[in-house]
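Novice: Enclosed is the structure file target18.tsv (TSV, N, CA and C atoms).
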```tsv
chain	number	residue	atom	x	y	z
A	44	MET	N	0.85	-1.18	0.00
A	44	MET	CA	0.00	0.00	0.00
A	44	MET	C	0.89	1.24	0.00
A	45	GLY	N	1.35	1.71	1.17
A	45	GLY	CA	2.31	2.79	1.26
A	45	GLY	C	1.79	4.17	0.93
A	46	SER	N	0.52	4.50	1.20
A	46	SER	CA	0.08	5.87	0.97
A	46	SER	C	0.73	6.76	2.02
A	47	PHE	N	0.94	8.01	1.67
A	47	PHE	CA	1.75	8.91	2.50
A	47	PHE	C	0.95	10.17	2.80
A	48	LEU	N	0.98	10.60	4.05
A	48	LEU	CA	0.26	11.79	4.46
A	48	LEU	C	1.21	12.66	5.26
A	49	LYS	N	1.26	13.94	4.95
A	49	LYS	CA	2.12	14.87	5.69
A	49	LYS	C	1.23	15.93	6.33
A	50	LEU	N	1.30	16.03	7.65
A	50	LEU	CA	0.52	17.01	8.39
A	50	LEU	C	1.44	18.13	8.86
A	51	ILE	N	1.07	19.36	8.62
A	51	ILE	CA	1.88	20.50	9.05
A	51	ILE	C	1.20	21.14	10.25
A	52	LYS	N	1.97	21.33	11.31
A	52	LYS	CA	1.46	21.96	12.53
A	52	LYS	C	2.51	22.94	13.03
A	53	GLY	N	2.13	24.16	13.27
A	53	GLY	CA	3.05	25.15	13.84
A	53	GLY	C	4.11	25.57	12.84
A	54	LYS	N	5.10	26.31	13.35
A	54	LYS	CA	6.18	26.83	12.51
A	54	LYS	C	7.11	25.71	12.08
A	55	GLY	N	7.01	25.27	10.85
A	55	GLY	CA	7.95	24.31	10.31
A	55	GLY	C	7.89	22.92	10.92
A	56	MET	N	6.98	22.67	11.84
A	56	MET	CA	6.91	21.35	12.46
A	56	MET	C	5.99	20.47	11.63
A	57	ALA	N	6.48	19.33	11.27
A	57	ALA	CA	5.68	18.43	10.45
A	57	ALA	C	5.75	17.02	11.01
A	58	ILE	N	4.62	16.36	10.97
A	58	ILE	CA	4.58	14.94	11.26
A	58	ILE	C	4.36	14.25	9.93
A	59	GLN	N	5.13	13.25	9.68
A	59	GLN	CA	4.95	12.46	8.48
A	59	GLN	C	4.38	11.12	8.91
A	60	SER	N	3.24	10.79	8.35
A	60	SER	CA	2.57	9.54	8.68
A	60	SER	C	2.50	8.67	7.44
A	61	LYS	N	2.73	7.39	7.65
A	61	LYS	CA	2.72	6.45	6.54
A	61	LYS	C	1.88	5.25	6.94
A	62	LEU	N	0.99	4.83	6.06
A	62	LEU	CA	0.22	3.60	6.27
A	62	LEU	C	0.95	2.46	5.60
A	63	ILE	N	1.18	1.42	6.37
A	63	ILE	CA	1.88	0.25	5.85
A	63	ILE	C	0.92	-0.93	5.87
A	64	GLU	N	0.81	-1.62	4.74
A	64	GLU	CA	-0.03	-2.81	4.67
A	64	GLU	C	0.79	-4.01	5.13
A	65	ASN	N	0.29	-4.68	6.16
A	65	ASN	CA	0.95	-5.87	6.69
A	65	ASN	C	0.64	-7.08	5.82
A	66	LEU	N	1.37	-8.16	6.03
A	66	LEU	CA	1.17	-9.38	5.23
A	66	LEU	C	-0.23	-9.94	5.36
A	67	ASP	N	-0.87	-9.73	6.53
A	67	ASP	CA	-2.22	-10.25	6.72
A	67	ASP	C	-3.30	-9.30	6.19
A	68	GLY	N	-2.89	-8.20	5.56
A	68	GLY	CA	-3.84	-7.25	5.00
A	68	GLY	C	-4.23	-6.12	5.93
A	69	SER	N	-3.87	-6.22	7.20
A	69	SER	CA	-4.17	-5.13	8.14
A	69	SER	C	-3.23	-3.96	7.88
A	70	LEU	N	-3.58	-2.80	8.43
A	70	LEU	CA	-2.78	-1.60	8.22
A	70	LEU	C	-2.13	-1.16	9.52
A	71	THR	N	-0.93	-0.63	9.41
A	71	THR	CA	-0.21	-0.06	10.54
A	71	THR	C	0.15	1.37	10.17
A	72	SER	N	-0.11	2.30	11.08
A	72	SER	CA	0.25	3.70	10.87
A	72	SER	C	1.57	3.97	11.60
A	73	VAL	N	2.52	4.54	10.87
A	73	VAL	CA	3.82	4.89	11.43
A	73	VAL	C	4.02	6.38	11.25
A	74	SER	N	4.34	7.09	12.34
A	74	SER	CA	4.54	8.53	12.26
A	74	SER	C	5.95	8.89	12.70
A	75	THR	N	6.49	9.94	12.09
A	75	THR	CA	7.82	10.43	12.44
A	75	THR	C	7.80	11.95	12.48
A	76	GLN	N	8.74	12.51	13.25
A	76	GLN	CA	8.94	13.95	13.27
A	76	GLN	C	10.44	14.17	13.33
A	77	ASN	N	10.93	15.16	12.65
A	77	ASN	CA	12.34	15.48	12.60
A	77	ASN	C	12.88	15.66	14.02
A	78	THR	N	13.97	14.96	14.34
A	78	THR	CA	14.52	15.04	15.70
A	78	THR	C	15.06	16.43	16.02
A	79	GLU	N	15.50	17.17	15.01
A	79	GLU	CA	15.98	18.54	15.25
A	79	GLU	C	14.82	19.42	15.73
A	80	GLU	N	13.64	19.23	15.18
A	80	GLU	CA	12.46	19.99	15.63
A	80	GLU	C	12.16	19.68	17.09
A	81	ILE	N	12.26	18.41	17.46
A	81	ILE	CA	12.00	18.02	18.84
A	81	ILE	C	13.06	18.62	19.76
A	82	LYS	N	14.33	18.56	19.36
A	82	LYS	CA	15.41	19.16	20.16
A	82	LYS	C	15.19	20.65	20.34
A	83	ASP	N	14.76	21.33	19.27
A	83	ASP	CA	14.50	22.77	19.34
A	83	ASP	C	13.40	23.08	20.36
A	84	ILE	N	12.35	22.26	20.38
A	84	ILE	CA	11.26	22.46	21.34
A	84	ILE	C	11.78	22.26	22.76
A	85	VAL	N	12.53	21.19	22.99
A	85	VAL	CA	13.07	20.90	24.32
A	85	VAL	C	14.01	22.02	24.78
A	86	ASN	N	14.88	22.50	23.88
A	86	ASN	CA	15.79	23.59	24.23
A	86	ASN	C	15.03	24.88	24.56
A	87	ALA	N	14.00	25.19	23.79
A	87	ALA	CA	13.18	26.37	24.06
A	87	ALA	C	12.48	26.23	25.40
A	88	ASN	N	12.00	25.03	25.71
A	88	ASN	CA	11.34	24.79	27.01
A	88	ASN	C	12.32	25.01	28.15
A	89	GLN	N	13.54	24.53	28.01
A	89	GLN	CA	14.55	24.72	29.05
A	89	GLN	C	14.82	26.20	29.28
A	90	ARG	N	14.93	26.96	28.19
A	90	ARG	CA	15.15	28.42	28.31
A	90	ARG	C	13.99	29.08	29.04
A	91	GLU	N	12.76	28.74	28.64
A	91	GLU	CA	11.58	29.32	29.29
A	91	GLU	C	11.53	28.99	30.77
A	92	LYS	N	11.86	27.73	31.09
A	92	LYS	CA	11.83	27.30	32.48
A	92	LYS	C	12.88	28.07	33.29
A	93	ARG	N	14.06	28.22	32.71
A	93	ARG	CA	15.17	28.92	33.38
A	93	ARG	C	14.85	30.41	33.55
A	94	GLU	N	14.20	31.00	32.56
A	94	GLU	CA	13.92	32.44	32.57
A	94	GLU	C	12.60	32.78	33.24
A	95	GLY	N	11.94	31.78	33.80
A	95	GLY	CA	10.68	32.04	34.49
A	95	GLY	C	9.53	32.31	33.55
A	96	GLY	N	9.33	31.45	32.58
A	96	GLY	CA	8.30	31.61	31.56
A	96	GLY	C	6.91	31.83	32.11
A	97	ARG	N	6.62	31.35	33.32
A	97	ARG	CA	5.28	31.51	33.91
A	97	ARG	C	4.90	32.99	34.01
A	98	ASN	N	5.85	33.84	34.31
A	98	ASN	CA	5.55	35.27	34.47
A	98	ASN	C	5.45	35.99	33.14
A	99	GLN	N	5.96	35.40	32.08
A	99	GLN	CA	5.98	36.06	30.78
A	99	GLN	C	4.72	35.79	29.97
A	100	TYR	N	4.00	34.75	30.28
A	100	TYR	CA	2.84	34.35	29.48
A	100	TYR	C	1.55	34.71	30.20
A	101	GLN	N	0.69	35.40	29.53
A	101	GLN	CA	-0.61	35.71	30.09
A	101	GLN	C	-1.64	34.86	29.38
A	102	GLY	N	-2.33	34.02	30.12
A	102	GLY	CA	-3.31	33.12	29.53
A	102	GLY	C	-4.61	33.83	29.23
A	103	ASP	N	-5.61	33.05	28.85
A	103	ASP	CA	-6.92	33.59	28.51
A	103	ASP	C	-7.65	34.13	29.73
A	104	THR	N	-7.35	33.57	30.89
A	104	THR	CA	-7.96	34.04	32.13
A	104	THR	C	-6.86	34.13	33.17
A	105	GLN	N	-7.20	34.63	34.34
A	105	GLN	CA	-6.19	34.73	35.39
A	105	GLN	C	-5.75	33.36	35.89
A	106	PHE	N	-6.48	32.31	35.54
A	106	PHE	CA	-6.17	30.97	36.02
A	106	PHE	C	-5.41	30.12	35.01
A	107	SER	N	-5.17	30.63	33.81
A	107	SER	CA	-4.46	29.82	32.82
A	107	SER	C	-3.12	30.44	32.47
A	108	HIS	N	-2.16	29.59	32.26
A	108	HIS	CA	-0.84	30.01	31.81
A	108	HIS	C	-0.15	28.84	31.14
A	109	LYS	N	0.82	29.14	30.31
A	109	LYS	CA	1.54	28.11	29.58
A	109	LYS	C	2.38	27.28	30.54
A	110	VAL	N	2.27	25.96	30.44
A	110	VAL	CA	3.06	25.08	31.30
A	110	VAL	C	3.91	24.10	30.49
A	111	ALA	N	3.67	23.99	29.18
A	111	ALA	CA	4.42	23.03	28.37
A	111	ALA	C	4.33	23.36	26.89
A	112	SER	N	5.33	22.90	26.16
A	112	SER	CA	5.31	22.85	24.70
A	112	SER	C	5.67	21.42	24.34
A	113	ILE	N	4.77	20.76	23.65
A	113	ILE	CA	4.90	19.33	23.39
A	113	ILE	C	4.96	19.10	21.88
A	114	PRO	N	5.98	18.36	21.42
A	114	PRO	CA	6.08	18.07	19.97
A	114	PRO	C	4.84	17.33	19.48
A	115	MET	N	4.47	17.60	18.23
A	115	MET	CA	3.26	17.01	17.67
A	115	MET	C	3.30	15.48	17.67
A	116	ILE	N	4.47	14.89	17.49
A	116	ILE	CA	4.57	13.43	17.48
A	116	ILE	C	4.18	12.86	18.85
A	117	VAL	N	4.52	13.59	19.91
A	117	VAL	CA	4.17	13.17	21.28
A	117	VAL	C	2.67	13.39	21.50
A	118	VAL	N	2.14	14.50	21.02
A	118	VAL	CA	0.71	14.77	21.13
A	118	VAL	C	-0.08	13.66	20.44
A	119	GLU	N	0.38	13.24	19.28
A	119	GLU	CA	-0.31	12.17	18.56
A	119	GLU	C	-0.36	10.90	19.41
A	120	GLN	N	0.75	10.56	20.05
A	120	GLN	CA	0.78	9.37	20.91
A	120	GLN	C	-0.13	9.56	22.13
A	121	MET	N	-0.14	10.76	22.69
A	121	MET	CA	-1.00	11.05	23.83
A	121	MET	C	-2.47	10.88	23.45
A	122	MET	N	-2.82	11.27	22.24
A	122	MET	CA	-4.20	11.09	21.77
A	122	MET	C	-4.54	9.61	21.66
A	123	ARG	N	-3.62	8.83	21.12
A	123	ARG	CA	-3.84	7.38	21.01
A	123	ARG	C	-3.99	6.73	22.38
A	124	ASP	N	-3.23	7.24	23.36
A	124	ASP	CA	-3.25	6.66	24.72
A	124	ASP	C	-4.40	7.18	25.58
A	125	GLY	N	-5.17	8.14	25.05
A	125	GLY	CA	-6.29	8.69	25.81
A	125	GLY	C	-5.90	9.70	26.86
A	126	VAL	N	-4.70	10.25	26.75
A	126	VAL	CA	-4.21	11.23	27.72
A	126	VAL	C	-4.63	12.64	27.33
A	127	TRP	N	-4.59	12.95	26.04
A	127	TRP	CA	-4.75	14.32	25.56
A	127	TRP	C	-6.07	14.97	25.99
A	128	ASN	N	-7.16	14.27	25.96
A	128	ASN	CA	-8.46	14.86	26.29
A	128	ASN	C	-8.95	14.53	27.69
A	129	ASP	N	-8.06	14.07	28.55
A	129	ASP	CA	-8.40	13.71	29.92
A	129	ASP	C	-7.56	14.60	30.85
A	130	GLN	N	-8.19	15.58	31.47
A	130	GLN	CA	-7.47	16.58	32.25
A	130	GLN	C	-6.64	15.96	33.38
A	131	GLU	N	-7.18	14.98	34.08
A	131	GLU	CA	-6.45	14.36	35.18
A	131	GLU	C	-5.24	13.58	34.66
A	132	ARG	N	-5.43	12.81	33.60
A	132	ARG	CA	-4.30	12.05	33.03
A	132	ARG	C	-3.26	12.99	32.43
A	133	MET	N	-3.70	14.11	31.88
A	133	MET	CA	-2.77	15.10	31.33
A	133	MET	C	-1.93	15.70	32.45
A	134	ARG	N	-2.56	16.01	33.57
A	134	ARG	CA	-1.83	16.56	34.73
A	134	ARG	C	-0.79	15.55	35.21
A	135	GLU	N	-1.19	14.28	35.32
A	135	GLU	CA	-0.25	13.24	35.74
A	135	GLU	C	0.90	13.11	34.75
A	136	TRP	N	0.58	13.17	33.47
A	136	TRP	CA	1.62	13.06	32.44
A	136	TRP	C	2.60	14.21	32.55
A	137	LEU	N	2.08	15.42	32.71
A	137	LEU	CA	2.96	16.59	32.82
A	137	LEU	C	3.80	16.59	34.09
A	138	ASN	N	3.28	15.99	35.17
A	138	ASN	CA	4.03	15.93	36.42
A	138	ASN	C	5.04	14.78	36.46
A	139	ASN	N	4.97	13.86	35.50
A	139	ASN	CA	5.90	12.73	35.45
A	139	ASN	C	7.30	13.26	35.12
A	140	PRO	N	8.30	12.94	35.94
A	140	PRO	CA	9.67	13.43	35.68
A	140	PRO	C	10.21	13.07	34.29
A	141	GLU	N	9.75	11.96	33.72
A	141	GLU	CA	10.20	11.58	32.37
A	141	GLU	C	9.77	12.60	31.32
A	142	ASN	N	8.72	13.36	31.60
A	142	ASN	CA	8.19	14.33	30.63
A	142	ASN	C	8.63	15.76	30.95
A	143	ALA	N	9.54	15.92	31.89
A	143	ALA	CA	10.03	17.25	32.28
A	143	ALA	C	10.58	18.06	31.11
A	144	PRO	N	11.21	17.45	30.11
A	144	PRO	CA	11.73	18.25	28.99
A	144	PRO	C	10.65	19.03	28.24
A	145	PHE	N	9.39	18.63	28.38
A	145	PHE	CA	8.31	19.31	27.68
A	145	PHE	C	7.68	20.42	28.51
A	146	ARG	N	8.06	20.51	29.78
A	146	ARG	CA	7.51	21.53	30.67
A	146	ARG	C	8.23	22.87	30.48
A	147	THR	N	7.50	23.96	30.60
A	147	THR	CA	8.09	25.30	30.51
A	147	THR	C	8.08	25.98	31.88
A	148	THR	N	7.54	25.29	32.88
A	148	THR	CA	7.52	25.83	34.25
A	148	THR	C	8.02	24.76	35.21
A	149	LYS	N	8.44	25.20	36.38
A	149	LYS	CA	8.91	24.29	37.42
A	149	LYS	C	7.74	23.94	38.33
A	150	GLY	N	7.92	22.93	39.16
A	150	GLY	CA	6.91	22.57	40.14
A	150	GLY	C	5.88	21.60	39.60
A	151	LYS	N	4.88	21.36	40.41
A	151	LYS	CA	3.80	20.42	40.06
A	151	LYS	C	2.56	21.19	39.66
A	152	LEU	N	1.76	20.56	38.84
A	152	LEU	CA	0.47	21.15	38.44
A	152	LEU	C	-0.62	20.63	39.34
```
Show how you would write the structure in this file as structure tokens.
Specialist:
Amino acid sequence: MGSFLKLIKGKGMAIQSKLIENLDGSLTSVSTQNTEEIKDIVNANQREKREGGRNQYQGDTQFSHKVASIPMIVVEQMMRDGVWNDQERMREWLNNPENAPFRTTKGKL
């Protein structure tokens, strides 16, 4: 099969998704994102965290502020895992030390 789909999100960030037909006829979706784009996001997050990004961002209300920048490839996986649209699971995910590179603020949510 091998049909190819390219999704563009944000400034220059792209996820490339490919459908692969398995020997049994089923399909598998494989997605990739340029590792340099992911490194750029992580480096920007570190700068924001170091410079106190919480004070620089004004959210839509007095109760909202930016806490993370997450690469689209990770967001796609979070959607598949049911984390993206579940506020409690999202909070747990963001507080997990393994996901600290995606945080732009220190502390727990």
Novice: At a cut-off of 8 Å, using only N, CA and C atoms, what residues contact range 114-129 of chain A? Leave out same-chain residues fewer than 4 positions from it and give the result as a list in words.
Specialist: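 The filter keeps Lys52, Met56, Ala57, Ile58, Gln59, Ser74, Thr75, Gln76, Glu80, Ile81, Ile84, Val85, Met133, Arg134, Glu135, Trp136 and Phe145 of chain A.
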Novice: Atom C of Lys92 in chain A to atom N of Lys149 in chain A: how many Å, to one decimal?
Specialist: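 For atom C of Lys92 in chain A relative to atom N of Lys149 in chain A, the distance reads 6.1 Å.
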Novice: According to DSSP computed on the backbone, where in range 62-116 of chain A is there alpha helix (DSSP H)? Give the residues as number ranges by chain.
Specialist: A: 78-93, 96-99, 115-116
Novice: Can you measure CA of Arg90 in chain A to atom C of Asn77 in chain A for me? One decimal in Å is fine.
Specialist: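 Atom-to-atom, CA of Arg90 in chain A and atom C of Asn77 in chain A are spaced 19.3 Å apart.
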Novice: As a list in words, please: the residues near Pro144 in chain A (cut-off 8 Å, only N, CA and C atoms, same-chain neighbours under 2 positions excluded).
Specialist: Ile84, Val85, Asn86, Ala87, Asn88, Gln89, Ala111, Ser112, Ile113, Asn139, Pro140, Glu141, Asn142, Arg146 and Thr147 of chain A
Novice: To one decimal place, how far is CA of Ile63 in chain A from CA of Lys82 in chain A in Å?
Specialist: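 So the answer is 27.3 Å.
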Novice: Smallest atom-to-atom distance to Gly150 in chain A: which of A:Glu131, A:Glu79, A:Val110, A:Ser60, using only C-alpha atoms?
Specialist: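 That would be A:Val110, the residue with the smallest distance to Gly150 in chain A.
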